[in-house]
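S.K.: My structure is in start.cif, and what it holds is mmCIF, C-alpha atoms:
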```cif
data_structure
#
loop_
_atom_site.label_atom_id
_atom_site.label_comp_id
_atom_site.auth_asym_id
_atom_site.auth_seq_id
_atom_site.Cartn_x
_atom_site.Cartn_y
_atom_site.Cartn_z
CA MET A 26 70.52 -72.66 -29.71
CA LYS A 27 71.64 -69.93 -27.27
CA LYS A 28 70.52 -67.24 -29.72
CA VAL A 29 67.07 -68.79 -29.95
CA LEU A 30 66.72 -68.93 -26.15
CA ILE A 31 67.88 -65.32 -25.83
CA LEU A 32 65.47 -64.23 -28.55
CA ILE A 33 62.56 -66.05 -26.88
CA THR A 34 63.49 -64.51 -23.50
CA VAL A 35 63.55 -61.03 -25.05
CA PHE A 36 60.14 -61.49 -26.67
CA ILE A 37 58.59 -62.82 -23.46
CA SER A 38 60.07 -59.90 -21.48
CA LEU A 39 58.73 -57.37 -23.97
CA ALA A 40 55.28 -58.96 -23.87
CA LEU A 41 55.20 -58.88 -20.07
CA LEU A 42 56.38 -55.27 -19.97
CA SER A 43 53.74 -54.13 -22.46
CA CYS A 44 51.00 -55.91 -20.51
CA SER A 45 52.01 -54.49 -17.16
CA SER A 46 52.24 -50.92 -18.45
CA ASN A 47 48.76 -51.18 -19.99
CA THR A 48 46.97 -52.72 -17.03
CA ASP A 49 47.51 -49.68 -14.84
CA LYS A 50 45.56 -47.49 -17.23
CA HIS A 51 42.66 -49.86 -17.89
CA ASP A 52 42.31 -52.06 -14.84
CA TYR A 53 39.32 -50.10 -13.56
CA TYR A 54 37.31 -50.36 -16.79
CA GLY A 55 34.23 -52.52 -16.45
CA LYS A 56 30.67 -52.81 -15.18
CA TYR A 57 30.00 -52.26 -11.49
CA THR A 58 27.17 -52.05 -9.00
CA PHE A 59 26.85 -49.88 -5.95
CA GLU A 60 27.95 -51.69 -2.80
CA GLU A 61 27.93 -49.18 0.07
CA VAL A 62 28.51 -45.60 1.17
CA VAL A 63 32.12 -45.19 2.31
CA TYR A 64 31.98 -41.48 3.12
CA LEU A 65 29.27 -38.83 3.37
CA SER A 66 30.02 -35.12 3.72
CA PRO A 67 28.83 -33.42 6.89
CA LEU A 68 27.20 -30.89 4.54
CA SER A 69 24.85 -33.56 3.19
CA SER A 70 21.24 -33.61 4.32
CA SER A 71 21.11 -37.39 3.71
CA THR A 72 22.11 -40.21 6.01
CA VAL A 73 24.33 -43.17 5.18
CA ASP A 74 21.42 -45.58 5.74
CA TYR A 75 19.14 -43.62 3.42
CA LEU A 76 21.78 -43.50 0.66
CA ASN A 77 22.62 -47.18 1.01
CA GLU A 78 18.94 -47.97 0.51
CA ARG A 79 18.41 -45.44 -2.30
CA MET A 80 21.53 -46.43 -4.26
CA ALA A 81 20.98 -50.20 -4.04
CA GLY A 82 20.97 -51.68 -7.53
CA THR A 83 22.66 -48.67 -9.15
CA LYS A 84 24.85 -49.72 -12.11
CA TYR A 85 28.07 -48.08 -13.23
CA ILE A 86 29.71 -48.49 -16.62
CA ILE A 87 33.27 -47.24 -16.74
CA GLU A 88 34.90 -47.57 -20.14
CA ALA A 89 37.28 -45.58 -22.34
CA ASP A 90 34.39 -44.08 -24.30
CA LEU A 91 31.66 -43.98 -21.63
CA TYR A 92 31.07 -43.18 -17.97
CA LYS A 93 27.50 -44.04 -17.05
CA ILE A 94 25.50 -44.29 -13.83
CA GLU A 95 22.06 -45.91 -14.02
CA SER A 96 19.85 -45.69 -10.94
CA ALA A 97 16.10 -45.93 -10.41
CA ASP A 98 15.90 -42.12 -10.09
CA ASN A 99 18.45 -40.85 -12.55
CA THR A 100 20.91 -41.62 -15.33
CA VAL A 101 24.22 -39.81 -15.76
CA GLU A 102 26.07 -40.35 -19.02
CA ILE A 103 29.38 -38.86 -20.06
CA SER A 104 30.50 -39.74 -23.58
CA SER A 105 34.22 -39.75 -24.32
CA PRO A 106 35.32 -39.07 -20.74
CA ASN A 107 38.92 -38.25 -19.99
CA TYR A 108 40.19 -40.11 -16.91
CA VAL A 109 43.11 -38.02 -15.64
CA LYS A 110 45.43 -39.72 -13.20
CA GLU A 111 46.28 -37.34 -10.37
CA LYS A 112 48.14 -37.35 -7.09
CA VAL A 113 45.93 -38.63 -4.28
CA GLN A 114 44.74 -35.79 -2.07
CA ASN A 115 46.78 -35.74 1.14
CA ASN A 116 45.47 -32.75 3.06
CA SER A 117 42.54 -32.93 5.43
CA SER A 118 40.06 -30.14 5.96
CA PRO A 119 37.23 -29.59 8.44
CA LEU A 120 34.92 -31.07 5.78
CA PHE A 121 37.00 -34.09 4.74
CA ASN A 122 39.30 -36.40 6.66
CA VAL A 123 41.82 -37.55 4.07
CA ALA A 124 42.76 -40.49 6.30
CA ILE A 125 39.89 -42.40 4.68
CA LEU A 126 41.96 -42.41 1.45
CA LEU A 127 45.39 -42.85 2.97
CA ASP A 128 44.41 -45.56 5.47
CA ASN A 129 42.76 -47.61 2.72
CA GLU A 130 45.83 -47.45 0.48
CA VAL A 131 44.35 -45.90 -2.64
CA LYS A 132 46.36 -47.17 -5.59
CA HIS A 133 45.39 -44.41 -8.04
CA GLN A 134 43.11 -41.39 -8.27
CA TYR A 135 41.43 -40.44 -11.55
CA THR A 136 39.46 -37.25 -12.00
CA ILE A 137 36.92 -37.47 -14.80
CA TYR A 138 36.70 -34.64 -17.32
CA ASN A 139 34.36 -34.12 -20.26
CA GLU A 140 35.69 -34.43 -23.78
CA ASP A 141 36.04 -30.61 -23.90
CA GLY A 142 38.22 -30.61 -20.75
CA SER A 143 35.58 -29.32 -18.33
CA LYS A 144 35.16 -30.93 -14.91
CA THR A 145 32.43 -33.52 -14.39
CA HIS A 146 32.74 -33.46 -10.58
CA TRP A 147 33.31 -37.22 -10.51
CA ARG A 148 36.43 -39.02 -9.37
CA LEU A 149 37.57 -42.64 -9.18
CA TYR A 150 39.74 -44.11 -6.44
CA ALA A 151 41.29 -47.38 -7.60
CA PHE A 152 42.51 -50.05 -5.21
CA SER A 153 44.03 -53.41 -5.94
CA ASP A 154 40.73 -55.15 -5.13
CA CYS A 155 37.92 -52.58 -5.57
CA LEU A 156 36.88 -49.21 -6.96
CA TRP A 157 35.37 -46.18 -5.24
CA VAL A 158 33.56 -43.36 -7.00
CA ALA A 159 33.32 -39.89 -5.50
CA SER A 160 31.27 -36.81 -6.22
CA TYR A 161 32.78 -33.47 -5.37
CA ALA A 162 31.89 -29.79 -5.53
CA ASP A 163 34.32 -26.97 -6.18
CA ASN A 164 32.10 -23.91 -5.95
CA THR A 165 33.53 -22.80 -2.61
CA ALA A 166 34.66 -19.23 -1.95
CA ASP A 167 38.32 -20.25 -1.97
CA GLY A 168 37.99 -22.66 -4.93
CA SER A 169 38.73 -25.74 -2.83
CA GLU A 170 36.96 -29.04 -3.39
CA ILE A 171 34.43 -30.61 -1.07
CA ILE A 172 34.01 -34.37 -1.36
CA MET A 173 30.25 -34.88 -1.07
CA TYR A 174 30.25 -38.67 -0.96
CA ILE A 175 32.29 -41.74 -1.81
CA TYR A 176 30.66 -45.02 -2.81
CA LYS A 177 32.28 -48.42 -2.96
CA LEU A 178 31.54 -50.34 -6.16
CA SER A 179 31.77 -54.06 -6.85
CA ARG A 180 32.00 -56.02 -10.08
#
```
Using structure tokens, write down the structure that the file contains.
M.R.:
Amino acid sequence: MKKVLILITVFISLALLSCSSNTDKHDYYGKYTFEEVVYLSPLSSSTVDYLNERMAGTKYIIEADLYKIESADNTVEISSPNYVKEKVQNNSSPLFNVAILLDNEVKHQYTIYNEDGSKTHWRLYAFSDCLWVASYADNTADGSEIIMYIYKLSR
């Protein structure tokens, strides 16, 4: 009887461990809609109000084999994206106050690359209760990145 209980305990433990290690990688997969602008670069010629209005109704599909944004104006589709988990940026610059990430307790940061390894200039910031998507540029003289905007998404 003791052997059976031990065996059952081992199997349950293994099942829980395999589930918890998998959820970290896939917990952001799903279908989302634009909720609001969280951050807008000072280099942008748009306003937060304008973008909130323009992006209303935009759909996002984030899956292992597809990253897709569908808006009234445009569709972005990346087949076979590679979501690379990276260290959350922790240095501010005159163009980006990193406190927006640190104060909101970002759980994970994923930079999205094309299947061939090239940058897509999209990034995900995963939280325990929501997902943010960011667009960034890296064509600066010193090669640094400029976060252009961050949008909050909802399921």
S.K.: Residues picked by the PyMOL selection byres ((chain A and resi 89) around 9) here, as an MDAnalysis selection string?
M.R.: chainID A and resid 51 54 87:88 90:92 105:108
S.K.: So which residues touch A:Ile171 within 7 Å, counting all atoms listed in the file, skipping near sequence neighbours fewer than 2 positions away, as a list in words?
M.R.: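 Final neighbour list, sorted by chain and number: Leu120, Tyr161, Ala162, Asp163, Ser169 and Met173 of chain A.
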S.K.: Suppose you want the space between atom CA of A:Leu76 and atom CA of A:Asn115; what is it in Å?
M.R.: 26.2 Å
S.K.: Which of these, A:Ser71, A:Ser104, A:Lys177, A:Lys84, has the shortest distance to A:Asn129 once you count all atoms listed in the file?
M.R.: A:Lys177
S.K.: Which centre and edge lengths in Å to one decimal define the box along x, y and z that fits every listed atom of stretch 142-150 of chain A plus 3 Å per side, as lines of an AutoDock Vina configuration file?
M.R.:
```
center_x = 36.1
center_y = -36.7
center_z = -13.6
size_x = 13.3
size_y = 20.8
size_z = 20.3
```
S.K.: One decimal, Å: what's the distance from atom CA of A:Asn116 over to atom CA of A:Glu170, could you say?
M.R.: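 Between atom CA of A:Asn116 and atom CA of A:Glu170 the gap works out to 11.3 Å.
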S.K.: Any idea what's packed within 6 Å of stretch 58-66 of chain A, counting only C-alpha atoms, ignoring anything in its chain fewer than 3 positions away? Could you give it as a list of chain:residue names?
M.R.: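 Counting only the stated atoms, we get A:Ser69, A:Asn77, A:Thr83, A:Lys84, A:Tyr85, A:Met173, A:Tyr174, A:Ile175, A:Tyr176, A:Lys177, A:Leu178, A:Ser179.
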S.K.: Within 8 Å of A:Lys132, counting all atoms listed in the file, which residues show up once you throw out same-chain ones fewer than 5 positions away? Write them as a list in words, please.
M.R.: Tyr150, Ala151, Phe152 and Ser153 of chain A
S.K.: List the residues matched by the PyMOL selection byres ((chain A and resi 134) around 12) in the displayed structure as a VMD selection string, ordered by chain and then by residue number.
M.R.: chain A and resid 49 to 50 53 108 to 115 126 to 127 130 to 133 135 to 137 147 to 152 156 to 159
S.K.: Just give me the gap between atom CA of A:Glu95 and atom CA of A:Thr145 in Å, one decimal is fine.
M.R.: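 Going from atom CA of A:Glu95 over to atom CA of A:Thr145 covers 16.2 Å.
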S.K.: Nearest residue to A:His146 out of A:Arg180, A:Val101, A:Glu78, A:Pro119, using only C-alpha atoms?
M.R.: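 Looking only at the distances to A:His146, the closest residue turns out to be A:Val101.
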